[in-house]
>>> print(open('start01.txt').read())   # compact mmCIF, C-alpha atoms and all ligand atoms
# COMPACT_ATOMS: atom_id res chain seq x y z
CA MET A 1 -0.60 37.72 4.67
CA ILE A 2 -0.79 34.07 3.76
CA VAL A 3 -0.79 31.39 6.44
CA LYS A 4 -0.20 27.75 5.52
CA THR A 5 -0.66 25.04 8.13
CA LEU A 6 2.28 22.68 7.65
CA ILE A 7 1.41 20.54 10.67
CA GLU A 8 -1.36 20.27 13.18
CA ASN A 9 -3.31 17.34 14.58
CA THR A 10 -5.75 16.87 11.69
CA THR A 11 -5.54 17.15 7.89
CA VAL A 12 -7.65 18.63 5.11
CA SER A 13 -7.21 15.47 3.05
CA GLY A 14 -5.37 12.17 2.73
CA GLU A 15 -2.67 13.97 0.74
CA PHE A 16 -1.16 15.18 4.01
CA GLN A 17 -0.02 13.40 7.14
CA ALA A 18 -0.77 14.92 10.56
CA GLU A 19 0.77 14.60 14.00
CA HIS A 20 0.26 16.07 17.46
CA GLY A 21 2.20 19.28 16.91
CA LEU A 22 2.15 22.65 15.25
CA SER A 23 3.98 24.31 12.38
CA LEU A 24 2.74 27.37 10.50
CA TYR A 25 4.31 29.11 7.51
CA ILE A 26 3.40 32.79 7.38
CA GLU A 27 4.27 34.99 4.43
CA THR A 28 4.02 38.76 4.71
CA ARG A 29 5.22 41.28 2.12
CA LYS A 30 8.52 41.50 3.98
CA HIS A 31 9.04 38.11 5.64
CA LYS A 32 8.80 34.39 5.18
CA ILE A 33 8.24 33.16 8.73
CA LEU A 34 8.23 29.65 10.14
CA PHE A 35 6.31 29.56 13.42
CA ASP A 36 7.07 26.26 15.16
CA MET A 37 8.34 23.06 13.60
CA GLY A 38 6.05 20.26 14.68
CA ALA A 39 7.06 17.16 16.64
CA SER A 40 9.15 15.61 13.85
CA PRO A 41 10.47 16.34 10.32
CA LEU A 42 6.99 15.59 8.94
CA PHE A 43 6.28 19.30 8.35
CA VAL A 44 9.06 19.30 5.74
CA GLU A 45 7.15 16.82 3.57
CA ASN A 46 3.96 18.85 3.88
CA ALA A 47 5.83 22.07 3.08
CA LYS A 48 6.95 20.57 -0.26
CA LYS A 49 3.38 19.60 -1.10
CA MET A 50 2.24 23.15 -0.29
CA ASN A 51 4.95 24.82 -2.41
CA VAL A 52 6.73 26.25 0.60
CA ASP A 53 10.50 26.50 0.15
CA LEU A 54 11.82 26.20 3.71
CA ALA A 55 15.30 27.25 2.53
CA GLU A 56 13.81 30.69 1.84
CA VAL A 57 12.42 31.21 5.35
CA ASP A 58 14.14 34.32 6.75
CA LEU A 59 12.91 34.13 10.33
CA ALA A 60 11.89 31.21 12.52
CA ILE A 61 10.25 31.09 15.93
CA ILE A 62 9.85 28.33 18.50
CA SER A 63 6.83 29.30 20.57
CA HIS A 64 7.81 27.33 23.67
CA GLY A 65 9.92 24.52 25.03
CA HIS A 66 7.76 21.52 24.14
CA TYR A 67 8.72 18.79 21.66
CA ASP A 68 5.54 19.15 19.60
CA HIS A 69 6.64 22.67 18.57
CA GLY A 70 10.39 22.21 18.23
CA GLY A 71 10.79 18.54 17.31
CA GLY A 72 11.59 19.44 13.70
CA LEU A 73 14.40 21.86 14.60
CA LYS A 74 17.27 19.71 13.32
CA ALA A 75 15.45 19.05 10.05
CA PHE A 76 14.90 22.78 9.59
CA LEU A 77 18.54 23.64 10.33
CA ASN A 78 19.62 21.10 7.71
CA ILE A 79 17.44 22.72 5.06
CA ASN A 80 17.74 26.39 5.91
CA SER A 81 21.10 28.15 6.34
CA LYS A 82 20.00 31.75 6.85
CA ALA A 83 17.07 32.20 9.24
CA LYS A 84 17.68 33.16 12.83
CA ILE A 85 15.60 31.12 15.24
CA TYR A 86 13.95 33.09 18.01
CA VAL A 87 13.44 31.05 21.13
CA HIS A 88 12.74 32.08 24.72
CA ARG A 89 15.83 31.85 26.93
CA GLN A 90 14.03 29.35 29.20
CA ALA A 91 12.75 27.16 26.36
CA PHE A 92 15.56 24.62 26.64
CA ALA A 93 14.91 24.04 30.36
CA LYS A 94 13.72 20.56 31.39
CA HIS A 95 10.00 20.11 30.77
CA TYR A 96 7.94 17.05 31.67
CA ALA A 97 4.44 15.69 31.49
CA PHE A 98 3.06 13.09 33.87
CA GLU A 99 1.12 10.45 31.99
CA ASN A 100 -0.34 7.42 33.76
CA GLY A 101 1.95 8.08 36.72
CA GLN A 102 5.02 8.13 34.46
CA LYS A 103 7.30 11.09 33.91
CA LYS A 104 7.71 11.86 30.21
CA ASP A 105 10.32 14.25 28.84
CA ILE A 106 8.47 16.71 26.59
CA GLY A 107 11.26 19.29 26.26
CA LEU A 108 13.38 20.40 23.32
CA GLU A 109 16.49 18.48 22.35
CA GLU A 110 19.40 20.13 24.17
CA THR A 111 22.03 18.41 22.03
CA ILE A 112 21.31 21.04 19.41
CA LEU A 113 23.03 23.65 21.66
CA PRO A 114 25.17 25.66 21.48
CA ASN A 115 24.20 27.01 18.09
CA SER A 116 24.78 30.50 16.73
CA ARG A 117 21.52 30.35 14.77
CA PHE A 118 19.47 30.91 17.93
CA ILE A 119 18.43 34.26 19.32
CA PHE A 120 17.43 33.87 22.96
CA VAL A 121 14.56 36.17 23.85
CA GLY A 122 13.49 37.64 27.19
CA ASP A 123 10.15 39.30 27.99
CA ARG A 124 9.77 41.05 24.66
CA ILE A 125 11.59 41.80 21.44
CA ASN A 126 10.45 44.14 18.69
CA ILE A 127 12.14 42.38 15.78
CA ASP A 128 11.23 45.20 13.40
CA GLN A 129 8.31 47.56 12.71
CA GLN A 130 6.15 44.59 11.75
CA LEU A 131 7.03 41.82 14.21
CA CYS A 132 7.02 41.59 17.98
CA LEU A 133 7.54 38.59 20.25
CA PHE A 134 6.46 38.68 23.88
CA SER A 135 6.25 36.28 26.80
CA ASN A 136 5.48 38.48 29.80
CA VAL A 137 1.80 37.57 30.20
CA THR A 138 1.34 37.55 33.98
CA ASN A 139 -1.14 34.64 34.23
CA ASN A 140 0.54 31.25 34.77
CA GLY A 141 -2.20 29.20 33.13
CA GLN A 142 -3.12 27.18 36.22
CA GLY A 143 -6.83 27.65 35.47
CA LEU A 144 -6.58 25.26 32.50
CA SER A 145 -6.96 21.60 33.37
CA ALA A 146 -4.71 20.48 30.48
CA ASN A 147 -1.79 22.30 32.17
CA LYS A 148 -2.05 20.28 35.37
CA GLN A 149 0.11 17.41 34.07
CA LEU A 150 2.91 19.74 32.97
CA PHE A 151 6.01 20.34 35.07
CA LYS A 152 9.48 21.79 34.89
CA GLU A 153 12.60 20.63 36.66
CA VAL A 154 14.23 23.17 38.94
CA GLY A 155 17.31 21.80 40.68
CA THR A 156 16.17 18.49 42.13
CA ASP A 157 12.49 19.50 42.25
CA PHE A 158 9.60 19.19 39.84
CA ILE A 159 7.30 22.16 40.03
CA ALA A 160 4.19 23.16 38.09
CA ASP A 161 5.23 24.77 34.83
CA ASP A 162 4.52 28.52 34.87
CA PHE A 163 5.08 28.71 31.09
CA ALA A 164 7.55 31.58 31.37
CA HIS A 165 9.11 29.96 28.26
CA GLU A 166 5.99 30.57 26.15
CA GLN A 167 6.26 33.41 23.65
CA ASN A 168 3.65 34.70 21.22
CA LEU A 169 4.08 36.59 17.97
CA ILE A 170 2.37 39.78 16.82
CA ILE A 171 2.42 40.64 13.13
CA LYS A 172 1.32 44.03 11.91
CA GLU A 173 0.63 44.61 8.23
CA ASP A 174 -1.54 47.42 6.84
CA ASP A 175 -4.74 47.45 8.92
CA LYS A 176 -4.24 43.87 10.14
CA LEU A 177 -2.92 42.98 13.56
CA LEU A 178 -2.41 39.25 13.96
CA LEU A 179 -1.56 37.35 17.14
CA VAL A 180 -0.01 33.92 16.70
CA ALA A 181 0.11 31.61 19.74
CA GLY A 182 1.60 28.11 19.88
CA CYS A 183 -0.34 26.39 22.66
CA ALA A 184 -1.63 29.40 24.66
CA HIS A 185 -0.71 27.58 27.88
CA LYS A 186 -1.17 30.89 29.73
CA GLY A 187 -4.76 31.03 28.49
CA ILE A 188 -5.85 32.51 25.17
CA VAL A 189 -8.12 35.06 26.88
CA ASN A 190 -5.23 36.25 29.09
CA ILE A 191 -2.90 36.53 26.11
CA VAL A 192 -5.41 38.40 23.93
CA ASP A 193 -6.28 40.76 26.81
CA HIS A 194 -2.58 41.32 27.49
CA VAL A 195 -1.96 42.37 23.88
CA ASN A 196 -5.01 44.61 23.67
CA MET A 197 -4.00 46.35 26.92
CA ASN A 198 -0.41 46.89 25.80
CA LEU A 199 -0.93 47.70 22.14
CA ALA A 200 1.18 50.85 22.09
CA ARG A 201 4.28 48.93 23.15
CA TYR A 202 3.75 46.18 20.61
CA THR A 203 2.66 48.01 17.50
CA ASN A 204 3.91 51.63 17.52
CA GLY A 205 0.31 52.78 17.22
CA GLY A 206 -2.17 52.25 14.41
CA GLN A 207 -4.59 49.53 15.41
CA THR A 208 -6.83 49.76 18.45
CA SER A 209 -7.16 45.99 18.96
CA LEU A 210 -6.17 42.65 17.50
CA THR A 211 -7.94 41.89 14.23
CA HIS A 212 -6.92 38.21 13.90
CA VAL A 213 -5.75 35.44 16.22
CA ILE A 214 -4.28 32.05 15.28
CA GLY A 215 -3.18 29.29 17.61
CA GLY A 216 -3.71 26.24 19.72
CA PHE A 217 -5.77 27.12 22.79
CA HIS A 218 -4.78 24.17 24.98
CA LEU A 219 -8.31 23.03 25.74
CA TYR A 220 -7.43 19.36 25.34
CA SER A 221 -4.79 17.32 27.18
CA ILE A 222 -2.77 14.85 25.14
CA SER A 223 -1.65 13.31 28.47
CA THR A 224 -5.11 12.54 29.84
CA ARG A 225 -6.99 12.54 26.49
CA LEU A 226 -9.58 14.75 28.17
CA ALA A 227 -11.16 17.95 26.90
CA GLU A 228 -11.50 21.06 29.07
CA ASP A 229 -14.65 21.55 31.18
CA PRO A 230 -17.35 22.59 28.66
CA LEU A 231 -18.55 25.37 30.98
CA LEU A 232 -15.10 26.95 30.98
CA VAL A 233 -14.80 26.57 27.20
CA ASN A 234 -18.17 28.26 26.86
CA ARG A 235 -16.98 31.19 29.01
CA ILE A 236 -13.79 31.45 26.95
CA GLY A 237 -15.89 31.58 23.77
CA LEU A 238 -18.03 34.39 25.18
CA ARG A 239 -14.95 36.42 26.14
CA LEU A 240 -13.25 35.88 22.78
CA ARG A 241 -16.44 36.83 20.97
CA GLU A 242 -16.38 40.23 22.71
CA THR A 243 -12.96 41.07 21.24
CA LYS A 244 -14.40 41.23 17.69
CA ALA A 245 -11.23 39.62 16.27
CA GLN A 246 -11.35 36.74 13.79
CA TYR A 247 -10.04 33.49 15.32
CA TYR A 248 -8.43 30.45 13.73
CA THR A 249 -7.57 27.56 15.98
CA CYS A 250 -6.09 24.06 15.78
CA HIS A 251 -3.67 21.65 17.51
CA CYS A 252 -4.26 21.47 21.29
CA THR A 253 -7.69 23.14 21.21
CA GLY A 254 -9.19 19.72 20.50
CA ILE A 255 -12.27 19.08 18.40
CA GLU A 256 -14.71 18.86 21.34
CA SER A 257 -13.69 22.25 22.69
CA TYR A 258 -13.58 23.69 19.17
CA ASN A 259 -17.16 22.63 18.60
CA ILE A 260 -18.23 24.48 21.75
CA LEU A 261 -16.32 27.60 20.72
CA ARG A 262 -17.90 27.36 17.29
CA ARG A 263 -21.40 27.20 18.79
CA VAL A 264 -20.67 30.32 20.86
CA MET A 265 -18.69 32.29 18.28
CA GLY A 266 -20.13 31.14 14.95
CA ASN A 267 -18.02 32.15 11.95
CA GLN A 268 -15.83 34.27 14.19
CA ILE A 269 -13.82 31.08 14.78
CA GLN A 270 -12.58 28.59 12.23
CA HIS A 271 -10.50 25.44 12.36
CA LEU A 272 -7.14 25.08 10.61
CA ALA A 273 -6.04 21.61 9.50
CA THR A 274 -2.73 20.43 8.03
CA GLY A 275 -2.70 21.45 4.37
CA SER A 276 -4.96 24.47 4.78
CA GLN A 277 -4.15 27.93 3.50
CA ILE A 278 -5.75 31.19 4.57
CA THR A 279 -5.27 34.79 3.50
CA ILE A 280 -5.47 37.50 6.14
FE FE A 301 1.40 21.92 21.80
FE FE A 302 2.79 23.05 24.69
>>> encode(input="start01.txt", output="structure tokens")
Amino acid sequence: MIVKTLIENTTVSGEFQAEHGLSLYIETRKHKILFDMGASPLFVENAKKMNVDLAEVDLAIISHGHYDHGGGLKAFLNINSKAKIYVHRQAFAKHYAFENGQKKDIGLEETILPNSRFIFVGDRINIDQQLCLFSNVTNNGQGLSANKQLFKEVGTDFIADDFAHEQNLIIKEDDKLLLVAGCAHKGIVNIVDHVNMNLARYTNGGQTSLTHVIGGFHLYSISTRLAEDPLLVNRIGLRLRETKAQYYTCHCTGIESYNILRRVMGNQIQHLATGSQITI
């Protein structure tokens, strides 16, 4: 598998522009997958520079209902006429962040609906033998401080977002079992544990645990500009280290928290920047 980072918050060089958002292009033997589309059409420019033909993507996923993962949706639909876009059925609900006492709409653009290109997903969908999407991680992510500014609108109320709209992707190829998370709002440890405890349902047998994990770990808040408590990040690093998987992180993990994870996990964790390419 090849994974190209089309957008995240930093870049490998001045050749690429970055933004607060995520977009990954993942090529397996069978699929050309676009996982998230950044906050704007900027990922399209980076895709060209990285020799990624977005018109050839056969399957697209929006990890959750936040603008920094689905902001480039219209741009993608204009370029690509064949890929189905898998999105959780709650992803287009109203999502907000509170920043400096102000309510900020951070949801997806509803004007794009209705659209026959979307496949609305519930708890889990086994797309084929290789791909599985799931959202039914029981933890609601309230242990992470960067989630505390995030709300959803229910009727006339604003309530803490439980991130029911957050789905993660599992890709199985040969002896590799890769988990891809967008922001891991529900907690990366919870999500990894959930997969490892439910492997039979997600993979039809074969692997005994995840071998690779990619994603933002939501250990930095763009609303408050604060990193997660270093003690908690340290504990997360220790737990991830136990899983023996190889980790790649970016986006909302934040550099401060990444540096702590790196100290705990060593080469078992690496940082992905816009313009980077890895082979799994
Ligand atoms: Fe994000
Ligand atoms: Fe998010």
>>> closest_atom_pairs(input="start01.txt", of="chain A", to="ligand FE 302 (chain A)", cutoff="7 Å", atoms="all atoms listed in the file", output="Markdown table")
| residue | atom | partner | partner_atom | distance |
| --- | --- | --- | --- | --- |
| A:His64 | CA | A:FE302 | FE | 6.7 |
| A:His66 | CA | A:FE302 | FE | 5.2 |
| A:Asp68 | CA | A:FE302 | FE | 7.0 |
| A:Cys183 | CA | A:FE302 | FE | 5.0 |
| A:His185 | CA | A:FE302 | FE | 6.6 |
>>> write_last_selection(input="start01.txt", atoms="C-alpha atoms", output="tab-separated table (two decimals), keeping the file's coordinate frame")
chain	number	residue	atom	x	y	z
A	64	HIS	CA	7.81	27.33	23.67
A	66	HIS	CA	7.76	21.52	24.14
A	68	ASP	CA	5.54	19.15	19.60
A	183	CYS	CA	-0.34	26.39	22.66
A	185	HIS	CA	-0.71	27.58	27.88
>>> closest_atom_pairs(input="start01.txt", of="chain A", to="ligand FE 301 (chain A)", cutoff="8 Å", atoms="only C-alpha atoms and all ligand atoms", output="JSON lines")
{"residue": "A:His20", "atom": "CA", "partner": "A:FE301", "partner_atom": "FE", "distance": 7.4}
{"residue": "A:Gly21", "atom": "CA", "partner": "A:FE301", "partner_atom": "FE", "distance": 5.6}
{"residue": "A:Leu22", "atom": "CA", "partner": "A:FE301", "partner_atom": "FE", "distance": 6.6}
{"residue": "A:His66", "atom": "CA", "partner": "A:FE301", "partner_atom": "FE", "distance": 6.8}
{"residue": "A:Tyr67", "atom": "CA", "partner": "A:FE301", "partner_atom": "FE", "distance": 8.0}
{"residue": "A:Asp68", "atom": "CA", "partner": "A:FE301", "partner_atom": "FE", "distance": 5.4}
{"residue": "A:His69", "atom": "CA", "partner": "A:FE301", "partner_atom": "FE", "distance": 6.2}
{"residue": "A:Gly182", "atom": "CA", "partner": "A:FE301", "partner_atom": "FE", "distance": 6.5}
{"residue": "A:Cys183", "atom": "CA", "partner": "A:FE301", "partner_atom": "FE", "distance": 4.9}
{"residue": "A:Gly216", "atom": "CA", "partner": "A:FE301", "partner_atom": "FE", "distance": 7.0}
{"residue": "A:His218", "atom": "CA", "partner": "A:FE301", "partner_atom": "FE", "distance": 7.3}
{"residue": "A:His251", "atom": "CA", "partner": "A:FE301", "partner_atom": "FE", "distance": 6.6}
{"residue": "A:Cys252", "atom": "CA", "partner": "A:FE301", "partner_atom": "FE", "distance": 5.7}
>>> write_last_selection(input="start01.txt", atoms="C-alpha atoms", output="mmCIF file, keeping the file's coordinate frame")
data_model
loop_
_atom_site.group_PDB
_atom_site.id
_atom_site.type_symbol
_atom_site.label_atom_id
_atom_site.label_comp_id
_atom_site.auth_asym_id
_atom_site.auth_seq_id
_atom_site.Cartn_x
_atom_site.Cartn_y
_atom_site.Cartn_z
ATOM 1 C CA HIS A 20 0.260 16.070 17.460
ATOM 2 C CA GLY A 21 2.200 19.280 16.910
ATOM 3 C CA LEU A 22 2.150 22.650 15.250
ATOM 4 C CA HIS A 66 7.760 21.520 24.140
ATOM 5 C CA TYR A 67 8.720 18.790 21.660
ATOM 6 C CA ASP A 68 5.540 19.150 19.600
ATOM 7 C CA HIS A 69 6.640 22.670 18.570
ATOM 8 C CA GLY A 182 1.600 28.110 19.880
ATOM 9 C CA CYS A 183 -0.340 26.390 22.660
ATOM 10 C CA GLY A 216 -3.710 26.240 19.720
ATOM 11 C CA HIS A 218 -4.780 24.170 24.980
ATOM 12 C CA HIS A 251 -3.670 21.650 17.510
ATOM 13 C CA CYS A 252 -4.260 21.470 21.290
#
>>> residues_around(input="start01.txt", residues="Asn46 (chain A)", least_positions_apart="5", cutoff="8 Å", atoms="all atoms listed in the file", output="ChimeraX atom specification")
/A:6-7,16-17,275
>>> write_last_selection(input="start01.txt", atoms="C-alpha atoms", output="PDB file, in the coordinates of the input")
ATOM      1  CA  LEU A   6       2.280  22.680   7.650  1.00  0.00           C
ATOM      2  CA  ILE A   7       1.410  20.540  10.670  1.00  0.00           C
ATOM      3  CA  PHE A  16      -1.160  15.180   4.010  1.00  0.00           C
ATOM      4  CA  GLN A  17      -0.020  13.400   7.140  1.00  0.00           C
ATOM      5  CA  GLY A 275      -2.700  21.450   4.370  1.00  0.00           C
TER       6      GLY A 275
END
>>> closest_residue(input="start01.txt", among="A:Gly65, A:Glu15, A:Gly71, A:Met1", to="Glu45 (chain A)", atoms="all atoms listed in the file")
A:Glu15
>>> closest_residue(input="start01.txt", among="A:Lys104, A:Pro230, A:Glu173, A:His88", to="Glu27 (chain A)", atoms="all atoms listed in the file")
A:Glu173
>>> residues_around(input="start01.txt", residues="Phe158 (chain A)", least_positions_apart="2", cutoff="12 Å", atoms="only C-alpha atoms", output="list in words")
Ala93, Lys94, His95, Tyr96, Ala97, Phe98, Lys103, Gln149, Leu150, Phe151, Lys152, Glu153, Val154, Gly155, Thr156, Ala160, Asp161 and Asp162 of chain A
>>> write_last_selection(input="start01.txt", atoms="C-alpha atoms", output="mmCIF file, keeping the file's coordinate frame")
data_model
loop_
_atom_site.group_PDB
_atom_site.id
_atom_site.type_symbol
_atom_site.label_atom_id
_atom_site.label_comp_id
_atom_site.auth_asym_id
_atom_site.auth_seq_id
_atom_site.Cartn_x
_atom_site.Cartn_y
_atom_site.Cartn_z
ATOM 1 C CA ALA A 93 14.910 24.040 30.360
ATOM 2 C CA LYS A 94 13.720 20.560 31.390
ATOM 3 C CA HIS A 95 10.000 20.110 30.770
ATOM 4 C CA TYR A 96 7.940 17.050 31.670
ATOM 5 C CA ALA A 97 4.440 15.690 31.490
ATOM 6 C CA PHE A 98 3.060 13.090 33.870
ATOM 7 C CA LYS A 103 7.300 11.090 33.910
ATOM 8 C CA GLN A 149 0.110 17.410 34.070
ATOM 9 C CA LEU A 150 2.910 19.740 32.970
ATOM 10 C CA PHE A 151 6.010 20.340 35.070
ATOM 11 C CA LYS A 152 9.480 21.790 34.890
ATOM 12 C CA GLU A 153 12.600 20.630 36.660
ATOM 13 C CA VAL A 154 14.230 23.170 38.940
ATOM 14 C CA GLY A 155 17.310 21.800 40.680
ATOM 15 C CA THR A 156 16.170 18.490 42.130
ATOM 16 C CA ALA A 160 4.190 23.160 38.090
ATOM 17 C CA ASP A 161 5.230 24.770 34.830
ATOM 18 C CA ASP A 162 4.520 28.520 34.870
#
>>> closest_residue(input="start01.txt", among="A:Leu131, A:Ile159, A:Ala18, A:Leu199", to="Gly38 (chain A)", atoms="all atoms listed in the file")
A:Ala18
>>> closest_residue(input="start01.txt", among="A:Gln90, A:Thr10, A:Gln142, A:Gln129", to="Gln167 (chain A)", atoms="only C-alpha atoms")
A:Gln90
>>> residues_around(input="start01.txt", residues="Ile26 (chain A)", least_positions_apart="4", cutoff="12 Å", atoms="only C-alpha atoms", output="PyMOL selection string")
chain A and resi 1-6+30-36+47+52-54+56-61+131+169-171+178-180+214+277-280
>>> atom_distance(input="start01.txt", atom1="CA of Asn9 (chain A)", atom2="CA of Phe43 (chain A)")
11.6 Å
>>> closest_residue(input="start01.txt", among="A:Val189, A:Gly72, A:Lys49, A:Phe163", to="Glu19 (chain A)", atoms="all atoms listed in the file")
A:Gly72
>>> residues_around(input="start01.txt", residues="Gly266 (chain A)", least_positions_apart="4", cutoff="12 Å", atoms="all atoms listed in the file", output="ChimeraX atom specification")
/A:237-238,240-241,244,246-248,258-262,270-271
>>> residues_around(input="start01.txt", residues="Leu219 (chain A)", least_positions_apart="3", cutoff="6 Å", atoms="only C-alpha atoms", output="VMD selection string")
chain A and resid 227 to 228 253
>>> write_last_selection(input="start01.txt", atoms="C-alpha atoms", output="mmCIF file, in the coordinates of the input")
data_model
loop_
_atom_site.group_PDB
_atom_site.id
_atom_site.type_symbol
_atom_site.label_atom_id
_atom_site.label_comp_id
_atom_site.auth_asym_id
_atom_site.auth_seq_id
_atom_site.Cartn_x
_atom_site.Cartn_y
_atom_site.Cartn_z
ATOM 1 C CA ALA A 227 -11.160 17.950 26.900
ATOM 2 C CA GLU A 228 -11.500 21.060 29.070
ATOM 3 C CA THR A 253 -7.690 23.140 21.210
#
>>> build_atoms(input="start01.txt", residues="region 13-32 of chain A", atoms="N, CA and C atoms", output="PDB file, in the frame of the given file")
ATOM      1  N   SER A  13      -6.979  16.606   3.941  1.00  0.00           N
ATOM      2  CA  SER A  13      -7.210  15.470   3.050  1.00  0.00           C
ATOM      3  C   SER A  13      -6.128  14.407   3.258  1.00  0.00           C
ATOM      4  N   GLY A  14      -6.328  13.266   2.618  1.00  0.00           N
ATOM      5  CA  GLY A  14      -5.370  12.170   2.730  1.00  0.00           C
ATOM      6  C   GLY A  14      -4.023  12.481   2.077  1.00  0.00           C
ATOM      7  N   GLU A  15      -3.948  13.583   1.367  1.00  0.00           N
ATOM      8  CA  GLU A  15      -2.670  13.970   0.740  1.00  0.00           C
ATOM      9  C   GLU A  15      -1.609  14.317   1.779  1.00  0.00           C
ATOM     10  N   PHE A  16      -2.081  14.741   2.964  1.00  0.00           N
ATOM     11  CA  PHE A  16      -1.160  15.180   4.010  1.00  0.00           C
ATOM     12  C   PHE A  16      -1.204  14.238   5.208  1.00  0.00           C
ATOM     13  N   GLN A  17      -0.045  14.137   5.878  1.00  0.00           N
ATOM     14  CA  GLN A  17      -0.020  13.400   7.140  1.00  0.00           C
ATOM     15  C   GLN A  17      -0.032  14.397   8.295  1.00  0.00           C
ATOM     16  N   ALA A  18      -0.690  14.034   9.382  1.00  0.00           N
ATOM     17  CA  ALA A  18      -0.770  14.920  10.560  1.00  0.00           C
ATOM     18  C   ALA A  18      -0.020  14.294  11.732  1.00  0.00           C
ATOM     19  N   GLU A  19       0.226  15.106  12.745  1.00  0.00           N
ATOM     20  CA  GLU A  19       0.770  14.600  14.000  1.00  0.00           C
ATOM     21  C   GLU A  19       0.375  15.582  15.102  1.00  0.00           C
ATOM     22  N   HIS A  20       0.520  15.146  16.357  1.00  0.00           N
ATOM     23  CA  HIS A  20       0.260  16.070  17.460  1.00  0.00           C
ATOM     24  C   HIS A  20       1.411  17.074  17.499  1.00  0.00           C
ATOM     25  N   GLY A  21       1.169  18.254  16.963  1.00  0.00           N
ATOM     26  CA  GLY A  21       2.200  19.280  16.910  1.00  0.00           C
ATOM     27  C   GLY A  21       1.691  20.457  16.127  1.00  0.00           C
ATOM     28  N   LEU A  22       2.551  21.457  15.992  1.00  0.00           N
ATOM     29  CA  LEU A  22       2.150  22.650  15.250  1.00  0.00           C
ATOM     30  C   LEU A  22       3.323  23.187  14.434  1.00  0.00           C
ATOM     31  N   SER A  23       3.025  23.568  13.205  1.00  0.00           N
ATOM     32  CA  SER A  23       3.980  24.310  12.380  1.00  0.00           C
ATOM     33  C   SER A  23       3.186  25.140  11.381  1.00  0.00           C
ATOM     34  N   LEU A  24       3.429  26.449  11.405  1.00  0.00           N
ATOM     35  CA  LEU A  24       2.740  27.370  10.500  1.00  0.00           C
ATOM     36  C   LEU A  24       3.770  28.113   9.662  1.00  0.00           C
ATOM     37  N   TYR A  25       3.480  28.272   8.385  1.00  0.00           N
ATOM     38  CA  TYR A  25       4.310  29.110   7.510  1.00  0.00           C
ATOM     39  C   TYR A  25       3.506  30.371   7.234  1.00  0.00           C
ATOM     40  N   ILE A  26       4.117  31.516   7.521  1.00  0.00           N
ATOM     41  CA  ILE A  26       3.400  32.790   7.380  1.00  0.00           C
ATOM     42  C   ILE A  26       4.206  33.696   6.456  1.00  0.00           C
ATOM     43  N   GLU A  27       3.575  34.118   5.382  1.00  0.00           N
ATOM     44  CA  GLU A  27       4.270  34.990   4.430  1.00  0.00           C
ATOM     45  C   GLU A  27       3.637  36.373   4.472  1.00  0.00           C
ATOM     46  N   THR A  28       4.458  37.362   4.785  1.00  0.00           N
ATOM     47  CA  THR A  28       4.020  38.760   4.710  1.00  0.00           C
ATOM     48  C   THR A  28       4.729  39.368   3.496  1.00  0.00           C
ATOM     49  N   ARG A  29       4.506  40.665   3.246  1.00  0.00           N
ATOM     50  CA  ARG A  29       5.220  41.280   2.120  1.00  0.00           C
ATOM     51  C   ARG A  29       6.722  41.286   2.371  1.00  0.00           C
ATOM     52  N   LYS A  30       7.110  41.348   3.642  1.00  0.00           N
ATOM     53  CA  LYS A  30       8.520  41.500   3.980  1.00  0.00           C
ATOM     54  C   LYS A  30       9.197  40.196   4.424  1.00  0.00           C
ATOM     55  N   HIS A  31       8.424  39.291   5.009  1.00  0.00           N
ATOM     56  CA  HIS A  31       9.040  38.110   5.640  1.00  0.00           C
ATOM     57  C   HIS A  31       8.424  36.796   5.198  1.00  0.00           C
ATOM     58  N   LYS A  32       9.271  35.777   5.280  1.00  0.00           N
ATOM     59  CA  LYS A  32       8.800  34.390   5.180  1.00  0.00           C
ATOM     60  C   LYS A  32       9.121  33.760   6.539  1.00  0.00           C
TER      61      LYS A  32
END
